[in-house]
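Here is model.txt, consisting of compact mmCIF, C-alpha atoms:
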```
# COMPACT_ATOMS: atom_id res chain seq x y z
CA PHE L 1 300.41 130.82 -12.22
CA PRO L 2 303.58 131.44 -12.26
CA LYS L 3 305.28 128.63 -10.39
CA THR L 4 308.13 129.71 -8.11
CA GLU L 5 310.79 127.64 -6.35
CA THR L 6 313.43 129.05 -4.00
CA ALA L 7 316.16 127.07 -2.26
CA GLU L 8 319.03 128.07 -0.01
CA ILE L 9 321.64 125.41 0.63
CA GLU L 10 324.87 125.38 2.62
CA ILE L 11 327.48 122.75 1.78
CA PHE L 12 330.27 122.27 4.33
CA ALA L 13 333.80 121.13 3.54
CA PRO L 14 335.14 117.95 5.10
CA GLU L 15 337.50 118.44 8.04
CA GLY L 16 340.83 119.89 6.88
CA PHE L 17 339.39 121.28 3.63
CA ALA L 18 338.05 124.68 2.60
CA PRO L 19 336.14 126.12 -0.37
CA ARG L 20 338.36 127.25 -3.25
CA THR L 21 337.05 128.61 -6.54
CA LEU L 22 333.73 130.42 -6.44
CA PRO L 23 331.57 129.62 -9.50
CA ASP L 24 330.16 132.55 -11.45
CA PRO L 25 326.52 133.40 -10.75
CA VAL L 26 324.01 132.23 -13.36
CA ARG L 27 321.08 134.32 -14.59
CA ILE L 28 318.72 133.07 -17.28
CA SER L 29 315.71 135.10 -18.34
CA THR L 30 313.35 134.10 -21.15
CA SER L 31 309.65 134.40 -21.89
CA PHE L 32 309.32 130.93 -20.30
CA GLY L 33 310.69 132.04 -16.95
CA GLU L 34 313.66 133.09 -14.92
CA TYR L 35 316.44 131.25 -13.13
CA ASN L 36 319.09 132.64 -10.79
CA LEU L 37 321.87 130.75 -9.04
CA ALA L 38 324.25 132.62 -6.73
CA PHE L 39 327.19 131.32 -4.70
CA GLU L 40 328.85 132.65 -1.57
CA LYS L 41 332.02 131.34 0.01
CA THR L 42 332.25 131.27 3.81
CA GLY L 43 335.01 129.94 6.06
CA ARG L 44 334.23 126.23 5.64
CA SER L 45 331.28 126.19 3.28
CA TYR L 46 329.56 127.35 0.15
CA LYS L 47 326.14 128.94 0.38
CA LEU L 48 323.93 128.61 -2.68
CA LYS L 49 320.74 130.50 -3.44
CA ARG L 50 318.62 129.17 -6.30
CA ASP L 51 315.47 130.87 -7.64
CA PHE L 52 313.33 129.44 -10.43
CA VAL L 53 310.17 131.02 -11.84
CA LEU L 54 308.15 129.30 -14.56
CA CYS L 55 305.88 131.87 -16.21
CA GLU L 56 303.98 129.70 -18.66
CA ASN L 57 301.75 126.77 -17.75
CA MET L 58 301.20 125.63 -21.33
CA ILE L 59 303.81 125.47 -24.09
CA VAL L 60 302.48 125.38 -27.64
CA PRO L 61 304.23 122.89 -29.97
CA ASN L 62 306.14 125.45 -32.05
CA ARG L 63 307.68 126.96 -28.87
CA TYR L 64 308.66 123.61 -27.36
CA PRO L 65 312.27 123.59 -28.71
CA GLY L 66 312.93 126.95 -27.03
CA PHE L 67 311.43 125.67 -23.79
CA VAL L 68 313.68 122.61 -23.90
CA ASP L 69 316.70 124.88 -24.43
CA PHE L 70 315.65 126.90 -21.36
CA LEU L 71 315.40 123.73 -19.24
CA HIS L 72 318.76 122.42 -20.53
CA ALA L 73 320.43 125.72 -19.57
CA ILE L 74 319.02 125.33 -16.05
CA LEU L 75 320.21 121.73 -15.88
CA ARG L 76 323.75 122.81 -16.84
CA ALA L 77 323.70 125.51 -14.14
CA ASP L 78 322.43 123.03 -11.53
CA GLN L 79 325.47 120.87 -12.31
CA SER L 80 327.94 123.62 -11.36
CA THR L 81 331.09 122.28 -9.72
CA LEU L 82 332.10 123.30 -6.20
CA VAL L 83 335.78 122.84 -5.43
CA PHE L 84 337.25 122.14 -1.99
CA GLY L 85 340.99 122.03 -1.32
CA LYS L 86 343.19 121.10 1.61
CA GLN L 87 343.67 123.85 4.15
CA ASN L 88 347.16 125.04 4.94
CA PRO L 89 348.25 123.92 8.43
```
Show this structure as structure tokens.
Amino acid sequence: FPKTETAEIEIFAPEGFAPRTLPDPVRISTSFGEYNLAFEKTGRSYKLKRDFVLCENMIVPNRYPGFVDFLHAILRADQSTLVFGKQNP
């Protein structure tokens, strides 16, 4: 163990639209693991890089509430909003 997941995703704007506001990067580091989410704006797309490392393979009952908080923080970050707006002619 640890368990590691890495993903790189590019999301393109529909024709006539372009990326607008760039979300802030997210970094979460706890004894349970680490999570990083970074955004990059290109001409017609957003590029996302997401890294998740789970350091513990067993969570004892008294630490479970903290683990749930860690997972909820990741869920909120994964629901970040990407905004596209109409391009100027």
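Residue neighbourhood of Glu10 of chain L, excluding near-sequence residues (fewer than 3 positions): Ser45, Tyr46, Lys47 and Leu48 of chain L, at 8 Å, using all atoms listed in the file.
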Report as a PyMOL selection string all protein, DNA and RNA residues lying within 9 Å of segment 21-31 of chain L, evaluated on all atoms listed in the file, omitting residues in the same chain fewer than 6 positions from it. chain L and resi 37-41+46+55-56+70+73-74+77+80-84
Just to be explicit: take each residue in the selection above, keep C-alpha atoms, and write the result as a PDB file, in the coordinates of the input.
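Saved as again02.pdb:
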```pdb
ATOM      1  CA  LEU L  37     321.870 130.750  -9.040  1.00  0.00           C
ATOM      2  CA  ALA L  38     324.250 132.620  -6.730  1.00  0.00           C
ATOM      3  CA  PHE L  39     327.190 131.320  -4.700  1.00  0.00           C
ATOM      4  CA  GLU L  40     328.850 132.650  -1.570  1.00  0.00           C
ATOM      5  CA  LYS L  41     332.020 131.340   0.010  1.00  0.00           C
ATOM      6  CA  TYR L  46     329.560 127.350   0.150  1.00  0.00           C
ATOM      7  CA  CYS L  55     305.880 131.870 -16.210  1.00  0.00           C
ATOM      8  CA  GLU L  56     303.980 129.700 -18.660  1.00  0.00           C
ATOM      9  CA  PHE L  70     315.650 126.900 -21.360  1.00  0.00           C
ATOM     10  CA  ALA L  73     320.430 125.720 -19.570  1.00  0.00           C
ATOM     11  CA  ILE L  74     319.020 125.330 -16.050  1.00  0.00           C
ATOM     12  CA  ALA L  77     323.700 125.510 -14.140  1.00  0.00           C
ATOM     13  CA  SER L  80     327.940 123.620 -11.360  1.00  0.00           C
ATOM     14  CA  THR L  81     331.090 122.280  -9.720  1.00  0.00           C
ATOM     15  CA  LEU L  82     332.100 123.300  -6.200  1.00  0.00           C
ATOM     16  CA  VAL L  83     335.780 122.840  -5.430  1.00  0.00           C
ATOM     17  CA  PHE L  84     337.250 122.140  -1.990  1.00  0.00           C
TER      18      PHE L  84
END
```
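Taking atom CA of Gly85 of chain L and atom CA of Phe17 of chain L as the two end points, the separation is 5.3 Å.
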For each of L:Leu54, L:Val68, L:Ile59, L:Ile11, take the minimum atom-to-atom distance to Gly33 of chain L, counting all atoms listed in the file, then give the residue where this is smallest.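 Answer, going by the shortest atom-to-atom distance: L:Leu54.
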Which distance in Å separates atom CA of Gly66 of chain L and atom CA of Glu34 of chain L, to one decimal? 13.6 Å
When you draw a straight line from atom CA of Asn57 of chain L to atom CA of His72 of chain L, how long is it in Å?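 Result for atom CA of Asn57 of chain L versus atom CA of His72 of chain L: 17.8 Å, one decimal.
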Nearest residue to Phe32 of chain L from the set L:Leu71, L:Ala13, L:Ala18, L:Ala7 (distances using all atoms listed in the file):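 Going through L:Leu71, L:Ala13, L:Ala18, L:Ala7 one by one, the smallest distance to Phe32 of chain L is for L:Leu71.
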Could you tell me which of L:Asp51, L:Glu8, L:Glu15, L:Asp69 comes closest to Gln87 of chain L if we count all atoms listed in the file?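 Among L:Asp51, L:Glu8, L:Glu15, L:Asp69, it is L:Glu15 that comes nearest to Gln87 of chain L.
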Could I get segment 18-43 of chain L from the block written out with N, CA and C atoms, as a PDB file, in the first residue's frame?
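In the end it all went to result-v4.pdb:
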```pdb
ATOM      1  N   ALA L  18     -15.224  29.805 -25.021  1.00  0.00           N
ATOM      2  CA  ALA L  18     -13.857  29.677 -24.524  1.00  0.00           C
ATOM      3  C   ALA L  18     -13.888  29.582 -22.998  1.00  0.00           C
ATOM      4  N   PRO L  19     -12.844  28.995 -22.406  1.00  0.00           N
ATOM      5  CA  PRO L  19     -12.762  28.944 -20.951  1.00  0.00           C
ATOM      6  C   PRO L  19     -12.714  30.349 -20.362  1.00  0.00           C
ATOM      7  N   ARG L  20     -13.303  30.529 -19.200  1.00  0.00           N
ATOM      8  CA  ARG L  20     -13.301  31.832 -18.528  1.00  0.00           C
ATOM      9  C   ARG L  20     -12.507  31.753 -17.227  1.00  0.00           C
ATOM     10  N   THR L  21     -13.190  31.622 -16.127  1.00  0.00           N
ATOM     11  CA  THR L  21     -12.565  31.661 -14.811  1.00  0.00           C
ATOM     12  C   THR L  21     -11.833  30.360 -14.522  1.00  0.00           C
ATOM     13  N   LEU L  22     -10.608  30.492 -14.073  1.00  0.00           N
ATOM     14  CA  LEU L  22      -9.811  29.319 -13.724  1.00  0.00           C
ATOM     15  C   LEU L  22      -9.994  29.025 -12.237  1.00  0.00           C
ATOM     16  N   PRO L  23     -10.510  27.844 -11.889  1.00  0.00           N
ATOM     17  CA  PRO L  23     -10.668  27.514 -10.460  1.00  0.00           C
ATOM     18  C   PRO L  23      -9.315  27.468  -9.750  1.00  0.00           C
ATOM     19  N   ASP L  24      -9.335  27.745  -8.464  1.00  0.00           N
ATOM     20  CA  ASP L  24      -8.114  27.646  -7.662  1.00  0.00           C
ATOM     21  C   ASP L  24      -7.693  26.184  -7.546  1.00  0.00           C
ATOM     22  N   PRO L  25      -6.385  25.937  -7.491  1.00  0.00           N
ATOM     23  CA  PRO L  25      -5.943  24.556  -7.258  1.00  0.00           C
ATOM     24  C   PRO L  25      -6.368  24.096  -5.864  1.00  0.00           C
ATOM     25  N   VAL L  26      -6.491  22.792  -5.698  1.00  0.00           N
ATOM     26  CA  VAL L  26      -6.893  22.213  -4.413  1.00  0.00           C
ATOM     27  C   VAL L  26      -5.791  21.265  -3.956  1.00  0.00           C
ATOM     28  N   ARG L  27      -5.379  21.434  -2.694  1.00  0.00           N
ATOM     29  CA  ARG L  27      -4.393  20.532  -2.094  1.00  0.00           C
ATOM     30  C   ARG L  27      -4.912  20.131  -0.722  1.00  0.00           C
ATOM     31  N   ILE L  28      -5.035  18.835  -0.521  1.00  0.00           N
ATOM     32  CA  ILE L  28      -5.492  18.307   0.770  1.00  0.00           C
ATOM     33  C   ILE L  28      -4.457  17.282   1.219  1.00  0.00           C
ATOM     34  N   SER L  29      -3.951  17.451   2.413  1.00  0.00           N
ATOM     35  CA  SER L  29      -2.959  16.513   2.933  1.00  0.00           C
ATOM     36  C   SER L  29      -3.322  16.167   4.369  1.00  0.00           C
ATOM     37  N   THR L  30      -3.556  14.882   4.615  1.00  0.00           N
ATOM     38  CA  THR L  30      -3.866  14.401   5.968  1.00  0.00           C
ATOM     39  C   THR L  30      -3.087  13.111   6.190  1.00  0.00           C
ATOM     40  N   SER L  31      -3.224  12.548   7.372  1.00  0.00           N
ATOM     41  CA  SER L  31      -2.581  11.259   7.636  1.00  0.00           C
ATOM     42  C   SER L  31      -3.230  10.139   6.816  1.00  0.00           C
ATOM     43  N   PHE L  32      -4.451  10.388   6.305  1.00  0.00           N
ATOM     44  CA  PHE L  32      -5.142   9.383   5.494  1.00  0.00           C
ATOM     45  C   PHE L  32      -4.613   9.347   4.063  1.00  0.00           C
ATOM     46  N   GLY L  33      -4.144  10.495   3.576  1.00  0.00           N
ATOM     47  CA  GLY L  33      -3.655  10.549   2.213  1.00  0.00           C
ATOM     48  C   GLY L  33      -3.511  11.966   1.719  1.00  0.00           C
ATOM     49  N   GLU L  34      -3.309  12.063   0.414  1.00  0.00           N
ATOM     50  CA  GLU L  34      -3.129  13.356  -0.221  1.00  0.00           C
ATOM     51  C   GLU L  34      -3.977  13.434  -1.479  1.00  0.00           C
ATOM     52  N   TYR L  35      -4.387  14.653  -1.787  1.00  0.00           N
ATOM     53  CA  TYR L  35      -5.199  14.910  -2.975  1.00  0.00           C
ATOM     54  C   TYR L  35      -4.749  16.239  -3.554  1.00  0.00           C
ATOM     55  N   ASN L  36      -4.529  16.269  -4.860  1.00  0.00           N
ATOM     56  CA  ASN L  36      -4.170  17.494  -5.558  1.00  0.00           C
ATOM     57  C   ASN L  36      -5.003  17.593  -6.819  1.00  0.00           C
ATOM     58  N   LEU L  37      -5.542  18.773  -7.072  1.00  0.00           N
ATOM     59  CA  LEU L  37      -6.303  19.042  -8.290  1.00  0.00           C
ATOM     60  C   LEU L  37      -5.823  20.373  -8.833  1.00  0.00           C
ATOM     61  N   ALA L  38      -5.288  20.366 -10.050  1.00  0.00           N
ATOM     62  CA  ALA L  38      -4.757  21.575 -10.669  1.00  0.00           C
ATOM     63  C   ALA L  38      -5.452  21.790 -12.005  1.00  0.00           C
ATOM     64  N   PHE L  39      -5.646  23.063 -12.346  1.00  0.00           N
ATOM     65  CA  PHE L  39      -6.331  23.444 -13.578  1.00  0.00           C
ATOM     66  C   PHE L  39      -5.405  24.311 -14.424  1.00  0.00           C
ATOM     67  N   GLU L  40      -5.534  24.158 -15.730  1.00  0.00           N
ATOM     68  CA  GLU L  40      -4.801  24.994 -16.674  1.00  0.00           C
ATOM     69  C   GLU L  40      -5.772  25.392 -17.774  1.00  0.00           C
ATOM     70  N   LYS L  41      -5.717  26.643 -18.170  1.00  0.00           N
ATOM     71  CA  LYS L  41      -6.593  27.134 -19.224  1.00  0.00           C
ATOM     72  C   LYS L  41      -5.776  27.227 -20.511  1.00  0.00           C
ATOM     73  N   THR L  42      -6.292  26.622 -21.588  1.00  0.00           N
ATOM     74  CA  THR L  42      -5.660  26.742 -22.894  1.00  0.00           C
ATOM     75  C   THR L  42      -6.614  27.514 -23.792  1.00  0.00           C
ATOM     76  N   GLY L  43      -6.306  27.625 -25.069  1.00  0.00           N
ATOM     77  CA  GLY L  43      -7.142  28.410 -25.971  1.00  0.00           C
ATOM     78  C   GLY L  43      -8.612  28.043 -25.946  1.00  0.00           C
TER      79      GLY L  43
END
```
